[in-house]
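Below: one structure, written as structure tokens.
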Amino acid sequence: MASTKLIIAALGLLAVGATSAAAQQKPAVKAKSTATKAKPAGATVSAATLAAGKTVYTQNCLTCHMADGGGVETMNPPLGKTTWVLGDKTRLVKVLLNGLEDVEIDGEEYRNVMPAQPHLTDQQIADVLTYVRNSFGNKASAVTPAEVKAIRAANKK
Amino acid sequence: MKNAVSRYLLLPAALVGSLSLFALRPEERVVADANNAGLKLPEGFGALVVAETGGRARHIATTPQGTIFVKLNRPNASGNGILMLRPSAGGKAEVVSGFGKYGGTGVVAKNGYLYASSDQEVFRYKLNEKGEVTNPDKPEKIVTGLINRRQHESKSIVLDNDGNLYVNIGAYSNSCQVNDRQKGSLGIPNCPILDSAGGIWQFRVDKLNQSYSNGTRYATGLRNVVGLDWSPQANQLFVMQHGRDQLHDIFPAMYDTKQSAELPAECMYALKKGDNAGWPYMYYDGLQKKKMQAPEYGGDGKKEATGNFIDPVAAYPAHTAPNALLFYTGTMFPEKYRNGAFIAFHGSWNRTPEPQKGYYVVFQPFKDGKPSGDWEVFADNFAGDAAKAAAGRPDHKPCGLAQGPDGSLYITDDKKGTVYRIVYNKK
């Protein structure tokens with residue numbers, strides 16, 4: 001009798017723990033996805049786009065960001081669940097167009113430079129960013145070639 | 001009867017007395033962990049976890065009295081970048097204090113001083129007769145103003161026996177391209193980085209506030225050296241270079257991914273004043289055993305290098321990141337290890353799609369002050385298992401080496417902050 005009560009109490013605690021953890025995580029996820037003003041993400045991303053994006057990733061990003069998108073501590077930042085990947089698309093596209101250096105990312109410093117990728121077409125940039133935004137635990141809206149084209153045009157001074 | 005009773009009373013007292021003798025000399029009793037701290041070692045060796053520092057433990061130094069100093073890559077939660085550890089029971093150690101409000105890599109104890117580096121400066125602290133730092137807040141700043149542009153920032157240090165300090169100043173670039181690491185970008189002619197980095201600088205150990213104008217560029221053409229040591233046998237500086245990255249990413253028409261994973265070799269150089277190891281103009285192909293012209297400077301993957309560049313004295317698998325070098329002078333380990341070198345390989349990240357590699361401590365045999373015979377893996381499995389190593393997601397990354405006063409080998413890990421100790425216990 002007493003042991004049953006204990007088990008119930010323990011289960012209750014577990015449930016409280018689980019819901020509070022979920023409650024803590026939810027707003028953060030919501031904030032990120034509303035920031036990108038996404039339509040329901042999965043619906044707009046085709047398997048073909050993801051496959052094309054993965055090819056671009058393998059040829060241009062894989063070495064530093066690695067197969068699991070986890071990057072290399074202190075050197076190359078991870079791509080999973082960071083504000084840089086899930087947040088403002090214009091900022092993200094500009095990382096590929098201009099490269100990135102000396103920026104603290106989510107409280108960590110990374111020492112290698114991110115080289116600019118001027119050899120990538122609008123289509124390739126759209127594909128790889130859509131792939132990254134929907135891999136490594138990420139789920140966010142697609143990036144379109146038209147968006148990349150507009151950002152590239154505005155990026156030229 | 002009375003005598004017998006007092007005899008029994010004396011027995012526990014004698015036991016307590018002998019136990020306290022052991023307590024006074026904790027260094028005497030080193031007990032390897034049952035699982036050898038998770039490491040794979042040659043027969044007769046054992047390992048224990050000496051301490052968990054919880055920080056990114058870079059290099060490590062010991063004093064003759066057995067005090068241990070660990071340099072953290074960035075200050076811990078208490079703001080300290082150097083930890084002082086004292087020996088405790090069973091061969092372990094405990095952190096007794098912290099000081100030095102800066103991150104960095106280098107730490108060396110020699111001739112009554114502790115030397116430690118930030119990523120721009122070198123400091124020294126007086127050691128007392130117990131081998132402990134007494135003035136933690138008032139070090140002498142002996143070198144200042146060294147270039148730090150994040151990439152290859154570690155200012156590793158070593159001393160010779162003539163009052164000189166050698167400091168690595170890593171190149172803030174992969175291969176001196178116009179645009180660092182960008183596909184197809186060519187090398188800058190007469191690479192300007194070499195004026196203030198990409199080499200080893202020599203300073204005096206006892207002069208304050210030295211910078212480039214007071215120092216000597218002792219050797220150049222070294223992309224980044226994290227592991228270095230002074231060979232007592234050759235009376236010469238030996239360094240481990242981190243070779244350049246990403247041949248395929250930058251020049252895909254000249255190198256496939258397999259070549260990019262296996263080139264160039266990580267090299268050991270024995271340096272003399274004025275030597276040039278050739279970065280960024282060349283790299284060393286450890287498979288062909290040739291110096292090759294870098295593709296940024298007119299190379300095509302086949303052309304040998306032109307220029308007056310020294311040869312390495314030994315070569316190791318590409319991208320495995322040698323972060324510490326230590327000449328072993330102790331007598332605890334068997335004879336074959338004496339005057340040979342241990343090298344801590346931090347492990348690779350840019351061998352994809354080939355499996356990642358490293359995360360081990362290698363032994364390089366030496367004879368008459370020169371590498372002699374093949375290197376072998378000495379302590380393995382810092383990664384935890386083969387799959388974690390292959391994925392480049394190891395549990396631990398060996399980064400620093402030091403020899404204890406009894407001849408033990410200490411190893412630091414900058415992933416989780418573990419300090420290991422390897423002992424030989426075969427009779």
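Chain labels run A, B, ... following the order of the structure tokens; each chain numbers its residues from 1, and ligands are numbered from 1 in the order shown.
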
Item checked: Residue neighbourhood His65 in chain A, 10 Å, only C-alpha atoms, exclusion window fewer than 3 positions, as a PyMOL selection string -> (chain A and resi 57-58+60-62+68-72+75-79) or (chain B and resi 349-350)

Enumerate the residues of range 42-133 of chain A with a DSSP assignment of strand (DSSP E or B), computed from the backbone, and present them as a tab-separated table (two decimals) with N, CA, C and O atoms, in the first residue's frame.
```tsv
chain	number	residue	atom	x	y	z
A	72	VAL	N	32.39	22.21	-35.13
A	72	VAL	CA	33.56	21.78	-34.35
A	72	VAL	C	33.73	22.80	-33.22
A	72	VAL	O	33.86	23.99	-33.48
A	76	ASN	N	34.19	25.88	-35.65
A	76	ASN	CA	33.13	26.06	-36.64
A	76	ASN	C	31.78	25.86	-35.95
A	76	ASN	O	31.54	24.83	-35.35
A	100	LEU	N	31.50	35.15	-42.94
A	100	LEU	CA	31.28	35.62	-41.57
A	100	LEU	C	32.56	35.42	-40.78
A	100	LEU	O	33.26	34.42	-40.93
A	105	ILE	N	28.40	33.43	-31.49
A	105	ILE	CA	27.15	32.79	-31.87
A	105	ILE	C	26.58	32.07	-30.66
A	105	ILE	O	27.18	31.13	-30.14
A	108	GLU	N	29.03	31.58	-27.82
A	108	GLU	CA	30.30	30.89	-28.04
A	108	GLU	C	31.09	31.60	-29.14
A	108	GLU	O	30.51	32.09	-30.10
A	114	MET	N	34.18	31.86	-41.82
A	114	MET	CA	33.24	31.29	-42.77
A	114	MET	C	33.52	31.98	-44.08
A	114	MET	O	33.35	33.20	-44.19
```

Using only C-alpha atoms, which protein or nucleic acid residues come within 12 Å of range 34-43 of chain B? Drop anything in the same chain fewer than 4 positions from it, and give the result as a short mmCIF file (atom, residue, chain, number, x, y, z; two decimals) with all heavy atoms, in the first residue's frame.
```cif
data_model
loop_
_atom_site.label_atom_id
_atom_site.label_comp_id
_atom_site.auth_asym_id
_atom_site.auth_seq_id
_atom_site.Cartn_x
_atom_site.Cartn_y
_atom_site.Cartn_z
N ALA B 47 46.41 3.55 -15.83
CA ALA B 47 46.05 4.97 -15.88
C ALA B 47 44.98 5.26 -14.84
O ALA B 47 44.18 4.39 -14.49
CB ALA B 47 45.56 5.35 -17.26
N LEU B 48 44.99 6.48 -14.36
CA LEU B 48 43.95 6.92 -13.45
C LEU B 48 43.54 8.34 -13.80
O LEU B 48 44.30 9.08 -14.42
CB LEU B 48 44.42 6.87 -11.99
CG LEU B 48 45.65 7.67 -11.59
CD1 LEU B 48 45.52 8.14 -10.16
CD2 LEU B 48 46.90 6.81 -11.75
N VAL B 49 42.31 8.66 -13.44
CA VAL B 49 41.86 10.05 -13.53
C VAL B 49 42.38 10.76 -12.28
O VAL B 49 42.05 10.38 -11.16
CB VAL B 49 40.32 10.14 -13.62
CG1 VAL B 49 39.88 11.59 -13.50
CG2 VAL B 49 39.82 9.54 -14.92
N VAL B 50 43.23 11.74 -12.51
CA VAL B 50 43.84 12.48 -11.39
C VAL B 50 42.86 13.51 -10.83
O VAL B 50 42.75 13.71 -9.63
CB VAL B 50 45.13 13.17 -11.89
CG1 VAL B 50 45.61 14.19 -10.89
CG2 VAL B 50 46.19 12.13 -12.17
N ALA B 51 42.15 14.16 -11.74
CA ALA B 51 41.20 15.20 -11.34
C ALA B 51 40.28 15.51 -12.51
O ALA B 51 40.64 15.31 -13.66
CB ALA B 51 41.95 16.47 -10.92
N GLU B 52 39.09 15.98 -12.18
CA GLU B 52 38.18 16.53 -13.19
C GLU B 52 38.14 18.04 -12.96
O GLU B 52 37.64 18.49 -11.93
CB GLU B 52 36.77 15.93 -13.04
CG GLU B 52 36.67 14.44 -13.30
CD GLU B 52 36.78 14.06 -14.77
OE1 GLU B 52 36.91 14.98 -15.61
OE2 GLU B 52 36.75 12.85 -15.06
N PHE B 333 59.20 4.56 -16.66
CA PHE B 333 58.84 3.76 -17.83
C PHE B 333 60.05 2.94 -18.28
O PHE B 333 61.20 3.31 -18.00
CB PHE B 333 58.37 4.65 -18.98
CG PHE B 333 57.05 5.35 -18.75
CD1 PHE B 333 56.36 5.25 -17.54
CD2 PHE B 333 56.49 6.12 -19.76
CE1 PHE B 333 55.15 5.91 -17.34
CE2 PHE B 333 55.27 6.78 -19.57
CZ PHE B 333 54.61 6.67 -18.35
N PRO B 334 59.83 1.84 -19.01
CA PRO B 334 60.95 1.03 -19.50
C PRO B 334 61.94 1.83 -20.35
O PRO B 334 61.60 2.87 -20.92
CB PRO B 334 60.25 -0.06 -20.34
CG PRO B 334 58.88 -0.15 -19.77
CD PRO B 334 58.52 1.24 -19.33
N TYR B 359 42.85 11.58 -31.46
CA TYR B 359 42.34 11.36 -30.10
C TYR B 359 43.18 10.29 -29.39
O TYR B 359 42.64 9.38 -28.75
CB TYR B 359 40.85 10.96 -30.10
CG TYR B 359 40.02 11.67 -31.14
CD1 TYR B 359 39.52 10.99 -32.25
CD2 TYR B 359 39.74 13.02 -31.02
CE1 TYR B 359 38.76 11.64 -33.21
CE2 TYR B 359 38.98 13.68 -31.97
CZ TYR B 359 38.50 12.97 -33.08
OH TYR B 359 37.75 13.62 -34.03
N TYR B 360 44.51 10.39 -29.56
CA TYR B 360 45.39 9.44 -28.90
C TYR B 360 46.74 10.10 -28.58
O TYR B 360 47.05 11.19 -29.09
CB TYR B 360 45.61 8.17 -29.74
CG TYR B 360 45.92 8.35 -31.22
CD1 TYR B 360 46.91 9.21 -31.68
CD2 TYR B 360 45.24 7.60 -32.19
CE1 TYR B 360 47.20 9.33 -33.03
CE2 TYR B 360 45.52 7.72 -33.55
CZ TYR B 360 46.51 8.58 -33.96
OH TYR B 360 46.80 8.72 -35.30
N VAL B 361 47.51 9.42 -27.74
CA VAL B 361 48.88 9.87 -27.45
C VAL B 361 49.83 8.86 -28.08
O VAL B 361 49.71 7.65 -27.88
CB VAL B 361 49.13 9.97 -25.93
CG1 VAL B 361 50.61 10.29 -25.65
CG2 VAL B 361 48.24 11.05 -25.32
N VAL B 362 50.75 9.40 -28.88
CA VAL B 362 51.68 8.59 -29.66
C VAL B 362 53.04 8.59 -28.97
O VAL B 362 53.41 9.57 -28.31
CB VAL B 362 51.76 9.19 -31.08
CG1 VAL B 362 53.09 8.95 -31.75
CG2 VAL B 362 50.60 8.69 -31.94
N PHE B 363 53.78 7.48 -29.13
CA PHE B 363 55.18 7.48 -28.72
C PHE B 363 56.06 7.42 -29.96
O PHE B 363 55.88 6.57 -30.82
CB PHE B 363 55.50 6.30 -27.80
CG PHE B 363 56.97 6.27 -27.43
CD1 PHE B 363 57.51 7.26 -26.61
CD2 PHE B 363 57.83 5.31 -27.96
CE1 PHE B 363 58.86 7.27 -26.31
CE2 PHE B 363 59.18 5.31 -27.65
CZ PHE B 363 59.70 6.29 -26.82
N GLU B 376 54.35 4.79 -32.56
CA GLU B 376 53.28 3.86 -32.22
C GLU B 376 52.26 4.58 -31.34
O GLU B 376 52.60 5.54 -30.64
CB GLU B 376 53.86 2.66 -31.47
CG GLU B 376 54.62 3.05 -30.21
CD GLU B 376 55.53 1.93 -29.68
OE1 GLU B 376 56.48 1.53 -30.39
OE2 GLU B 376 55.26 1.48 -28.56
N VAL B 377 51.00 4.12 -31.41
CA VAL B 377 49.99 4.68 -30.52
C VAL B 377 50.26 4.14 -29.12
O VAL B 377 50.37 2.94 -28.91
CB VAL B 377 48.57 4.31 -30.99
CG1 VAL B 377 47.53 4.76 -29.95
CG2 VAL B 377 48.26 4.94 -32.33
N PHE B 378 50.40 5.05 -28.17
CA PHE B 378 50.73 4.66 -26.80
C PHE B 378 49.47 4.60 -25.92
O PHE B 378 49.19 3.59 -25.30
CB PHE B 378 51.74 5.65 -26.21
CG PHE B 378 52.05 5.44 -24.76
CD1 PHE B 378 52.84 4.38 -24.35
CD2 PHE B 378 51.55 6.30 -23.78
CE1 PHE B 378 53.12 4.17 -23.00
CE2 PHE B 378 51.83 6.10 -22.44
CZ PHE B 378 52.62 5.03 -22.05
N ALA B 379 48.72 5.67 -25.89
CA ALA B 379 47.47 5.71 -25.11
C ALA B 379 46.33 6.03 -26.06
O ALA B 379 46.34 7.06 -26.73
CB ALA B 379 47.56 6.77 -24.01
N ASP B 380 45.36 5.14 -26.14
CA ASP B 380 44.28 5.28 -27.11
C ASP B 380 42.93 5.29 -26.40
O ASP B 380 42.84 5.02 -25.20
CB ASP B 380 44.35 4.12 -28.11
CG ASP B 380 43.69 4.47 -29.45
OD1 ASP B 380 43.11 5.57 -29.56
OD2 ASP B 380 43.77 3.65 -30.38
N ASN B 381 41.91 5.60 -27.20
CA ASN B 381 40.51 5.56 -26.75
C ASN B 381 40.09 6.72 -25.85
O ASN B 381 39.17 6.58 -25.05
CB ASN B 381 40.19 4.23 -26.06
CG ASN B 381 38.69 3.92 -26.09
OD1 ASN B 381 38.05 4.17 -27.10
ND2 ASN B 381 38.15 3.43 -24.98
N PHE B 382 40.73 7.87 -26.03
CA PHE B 382 40.21 9.07 -25.38
C PHE B 382 38.79 9.37 -25.90
O PHE B 382 37.98 9.96 -25.21
CB PHE B 382 41.12 10.27 -25.63
CG PHE B 382 42.41 10.20 -24.85
CD1 PHE B 382 43.51 9.54 -25.38
CD2 PHE B 382 42.52 10.77 -23.60
CE1 PHE B 382 44.71 9.46 -24.67
CE2 PHE B 382 43.69 10.70 -22.87
CZ PHE B 382 44.79 10.04 -23.41
N ALA B 383 38.54 8.92 -27.15
CA ALA B 383 37.23 9.20 -27.77
C ALA B 383 36.10 8.47 -27.06
O ALA B 383 34.97 8.93 -27.08
CB ALA B 383 37.26 8.80 -29.25
N GLY B 384 36.39 7.33 -26.43
CA GLY B 384 35.32 6.55 -25.80
C GLY B 384 35.03 5.27 -26.55
O GLY B 384 34.94 4.21 -25.98
N ASP B 385 34.87 5.39 -27.88
CA ASP B 385 34.79 4.20 -28.73
C ASP B 385 35.10 4.60 -30.17
O ASP B 385 35.21 5.78 -30.49
CB ASP B 385 33.44 3.47 -28.61
CG ASP B 385 32.26 4.32 -29.05
OD1 ASP B 385 32.35 4.96 -30.12
OD2 ASP B 385 31.26 4.37 -28.32
N ASP B 395 34.63 11.69 -26.62
CA ASP B 395 34.34 12.10 -25.25
C ASP B 395 35.41 13.06 -24.73
O ASP B 395 35.13 14.00 -24.02
CB ASP B 395 34.28 10.87 -24.32
CG ASP B 395 33.05 10.00 -24.60
OD1 ASP B 395 32.12 10.49 -25.25
OD2 ASP B 395 33.05 8.83 -24.16
N HIS B 396 36.68 12.74 -25.05
CA HIS B 396 37.81 13.53 -24.55
C HIS B 396 38.77 13.82 -25.70
O HIS B 396 38.86 13.04 -26.64
CB HIS B 396 38.56 12.76 -23.46
CG HIS B 396 37.71 12.39 -22.27
ND1 HIS B 396 37.52 13.23 -21.21
CD2 HIS B 396 37.00 11.27 -22.01
CE1 HIS B 396 36.72 12.65 -20.33
NE2 HIS B 396 36.39 11.46 -20.79
N PRO B 398 42.82 14.71 -26.06
CA PRO B 398 44.09 14.96 -25.38
C PRO B 398 44.79 16.20 -25.92
O PRO B 398 44.85 16.42 -27.12
CB PRO B 398 44.90 13.70 -25.67
CG PRO B 398 44.25 13.06 -26.85
CD PRO B 398 42.81 13.47 -26.84
N ILE B 411 48.32 13.77 -18.66
CA ILE B 411 47.68 14.17 -19.92
C ILE B 411 46.43 14.98 -19.58
O ILE B 411 45.63 14.57 -18.74
CB ILE B 411 47.27 12.94 -20.75
CG1 ILE B 411 48.47 12.02 -21.00
CG2 ILE B 411 46.62 13.35 -22.07
CD1 ILE B 411 48.10 10.63 -21.48
N THR B 418 39.31 16.58 -18.07
CA THR B 418 39.89 15.48 -17.29
C THR B 418 41.42 15.58 -17.30
O THR B 418 42.02 15.91 -18.31
CB THR B 418 39.46 14.13 -17.90
OG1 THR B 418 38.03 14.10 -17.97
CG2 THR B 418 39.94 12.95 -17.08
N VAL B 419 42.03 15.29 -16.13
CA VAL B 419 43.49 15.16 -16.07
C VAL B 419 43.80 13.68 -15.80
O VAL B 419 43.32 13.12 -14.81
CB VAL B 419 44.10 16.03 -14.95
CG1 VAL B 419 45.62 15.86 -14.91
CG2 VAL B 419 43.72 17.49 -15.15
N TYR B 420 44.56 13.09 -16.70
CA TYR B 420 44.92 11.67 -16.60
C TYR B 420 46.36 11.54 -16.11
O TYR B 420 47.17 12.44 -16.30
CB TYR B 420 44.86 10.99 -17.98
CG TYR B 420 43.52 10.98 -18.65
CD1 TYR B 420 43.09 12.06 -19.42
CD2 TYR B 420 42.70 9.86 -18.58
CE1 TYR B 420 41.87 12.04 -20.07
CE2 TYR B 420 41.48 9.82 -19.22
CZ TYR B 420 41.06 10.90 -19.98
OH TYR B 420 39.86 10.87 -20.63
N ARG B 421 46.66 10.36 -15.55
CA ARG B 421 48.03 10.06 -15.18
C ARG B 421 48.31 8.62 -15.58
O ARG B 421 47.53 7.71 -15.25
CB ARG B 421 48.19 10.22 -13.67
CG ARG B 421 49.57 9.87 -13.13
CD ARG B 421 49.61 10.13 -11.63
NE ARG B 421 50.94 9.93 -11.09
CZ ARG B 421 51.29 10.18 -9.83
NH1 ARG B 421 50.38 10.65 -8.98
NH2 ARG B 421 52.51 9.97 -9.41
N ILE B 422 49.40 8.40 -16.30
CA ILE B 422 49.77 7.06 -16.72
C ILE B 422 51.02 6.63 -15.96
O ILE B 422 52.00 7.38 -15.88
CB ILE B 422 49.99 7.00 -18.24
CG1 ILE B 422 48.66 7.31 -18.95
CG2 ILE B 422 50.51 5.62 -18.66
CD1 ILE B 422 48.74 7.29 -20.45
N VAL B 423 50.96 5.43 -15.38
CA VAL B 423 52.09 4.89 -14.60
C VAL B 423 52.46 3.52 -15.16
O VAL B 423 51.65 2.84 -15.78
CB VAL B 423 51.74 4.78 -13.10
CG1 VAL B 423 51.57 6.15 -12.49
CG2 VAL B 423 50.48 3.94 -12.87
N TYR B 424 53.70 3.13 -14.91
CA TYR B 424 54.14 1.78 -15.26
C TYR B 424 54.19 0.98 -13.98
O TYR B 424 54.83 1.39 -13.01
CB TYR B 424 55.53 1.85 -15.91
CG TYR B 424 55.98 0.52 -16.45
CD1 TYR B 424 55.36 -0.05 -17.56
CD2 TYR B 424 57.03 -0.17 -15.86
CE1 TYR B 424 55.77 -1.27 -18.07
CE2 TYR B 424 57.46 -1.40 -16.36
CZ TYR B 424 56.81 -1.94 -17.47
OH TYR B 424 57.22 -3.15 -17.97
N ASN B 425 53.51 -0.14 -13.97
CA ASN B 425 53.44 -0.88 -12.71
C ASN B 425 53.88 -2.32 -12.82
O ASN B 425 53.67 -3.12 -11.93
CB ASN B 425 52.04 -0.78 -12.09
CG ASN B 425 50.95 -1.04 -13.11
OD1 ASN B 425 51.20 -1.76 -14.08
ND2 ASN B 425 49.79 -0.46 -12.92
N LYS B 426 54.51 -2.67 -13.95
CA LYS B 426 55.01 -4.04 -14.09
C LYS B 426 56.36 -4.11 -13.39
O LYS B 426 57.20 -3.22 -13.54
CB LYS B 426 55.18 -4.35 -15.57
CG LYS B 426 55.16 -5.83 -15.88
CD LYS B 426 55.03 -5.97 -17.39
CE LYS B 426 55.31 -7.38 -17.82
NZ LYS B 426 55.26 -7.48 -19.28
N LYS B 427 56.58 -5.18 -12.61
CA LYS B 427 57.85 -5.27 -11.89
C LYS B 427 58.94 -5.87 -12.78
O LYS B 427 58.68 -6.71 -13.58
CB LYS B 427 57.68 -6.15 -10.64
CG LYS B 427 56.69 -5.55 -9.63
CD LYS B 427 57.28 -4.34 -8.92
CE LYS B 427 56.31 -3.70 -7.96
NZ LYS B 427 55.28 -2.88 -8.58
#
```

Check: What residues in chain A have any atom no more than 6 Å from chain B when counting only C-alpha atoms, and can you write them as a list of chain:residue names?
Finding: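 For chain A, the answer reads A:Thr63, A:Arg111, A:Asn112, A:Pro115.
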
Just to be explicit: take each residue in the selection above, keep N, CA, C and O atoms, and write the result as a PDB file, in the first residue's frame.
```pdb
ATOM      1  N   THR A  63      32.686  19.807 -44.690  1.00  0.00           N
ATOM      2  CA  THR A  63      33.977  19.700 -44.017  1.00  0.00           C
ATOM      3  C   THR A  63      33.951  20.394 -42.660  1.00  0.00           C
ATOM      4  O   THR A  63      34.342  19.806 -41.661  1.00  0.00           O
ATOM      5  N   ARG A 111      36.552  30.286 -34.086  1.00  0.00           N
ATOM      6  CA  ARG A 111      37.764  30.957 -34.529  1.00  0.00           C
ATOM      7  C   ARG A 111      38.005  30.891 -36.019  1.00  0.00           C
ATOM      8  O   ARG A 111      38.720  31.716 -36.565  1.00  0.00           O
ATOM      9  N   ASN A 112      37.451  29.895 -36.696  1.00  0.00           N
ATOM     10  CA  ASN A 112      37.678  29.848 -38.141  1.00  0.00           C
ATOM     11  C   ASN A 112      36.755  30.834 -38.851  1.00  0.00           C
ATOM     12  O   ASN A 112      35.662  31.126 -38.367  1.00  0.00           O
ATOM     13  N   PRO A 115      34.032  31.242 -45.095  1.00  0.00           N
ATOM     14  CA  PRO A 115      34.332  31.914 -46.350  1.00  0.00           C
ATOM     15  C   PRO A 115      33.057  32.260 -47.115  1.00  0.00           C
ATOM     16  O   PRO A 115      32.061  31.548 -47.014  1.00  0.00           O
TER      17      PRO A 115
END
```

Note to self: Residues within 9 Å of range 222-229 of chain B, please, as a PyMOL selection string. Count only C-alpha atoms; anything in the same chain fewer than 6 positions from it doesn't count.
What the structure shows: chain B and resi 105-106+152-160+168-175+194+197-200+236-244+276-280+321-327+343-344+399-400

Next item on the list: Quick one: everything within 10 Å of range 80-84 of chain A, counting only C-alpha atoms, minus sequence neighbours fewer than 4 positions away in the same chain. Send it as a PyMOL selection string.
Entry: chain A and resi 29+32+35+68-71+88-89+91-92+95+105-106+132-139

Checklist line | range 88-101 of chain B environment, 9 Å, only C-alpha atoms, sequence neighbours closer than 4 positions dropped, as a count of residues only | finding: 32

Note to self: Residues within 8 Å of Gln120 in chain B, please, as a list in words. Count only C-alpha atoms; anything in the same chain fewer than 6 positions from it doesn't count.
What the structure shows: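 Once the adjacent positions are removed, what remains is Thr144, Gly145, Leu146, Ile147, Asn148 and Lys155 of chain B.
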
Can you write just those residues out, N, CA and C atoms, as a compact mmCIF listing (two decimals), in the first residue's frame?
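Everything below was put into out.txt:
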```txt
# COMPACT_ATOMS: atom_id res chain seq x y z
N THR B 144 54.45 40.78 -24.39
CA THR B 144 53.15 41.42 -24.59
C THR B 144 52.95 41.78 -26.07
N GLY B 145 51.69 42.01 -26.44
CA GLY B 145 51.39 42.54 -27.76
C GLY B 145 51.52 41.55 -28.91
N LEU B 146 51.43 40.26 -28.63
CA LEU B 146 51.52 39.28 -29.72
C LEU B 146 50.19 39.23 -30.47
N ILE B 147 50.30 38.98 -31.76
CA ILE B 147 49.10 39.06 -32.59
C ILE B 147 48.14 37.92 -32.28
N ASN B 148 46.86 38.25 -32.18
CA ASN B 148 45.81 37.25 -31.94
C ASN B 148 44.62 37.61 -32.79
N LYS B 155 49.31 30.54 -27.84
CA LYS B 155 50.72 30.94 -27.72
C LYS B 155 51.42 29.89 -26.85
```
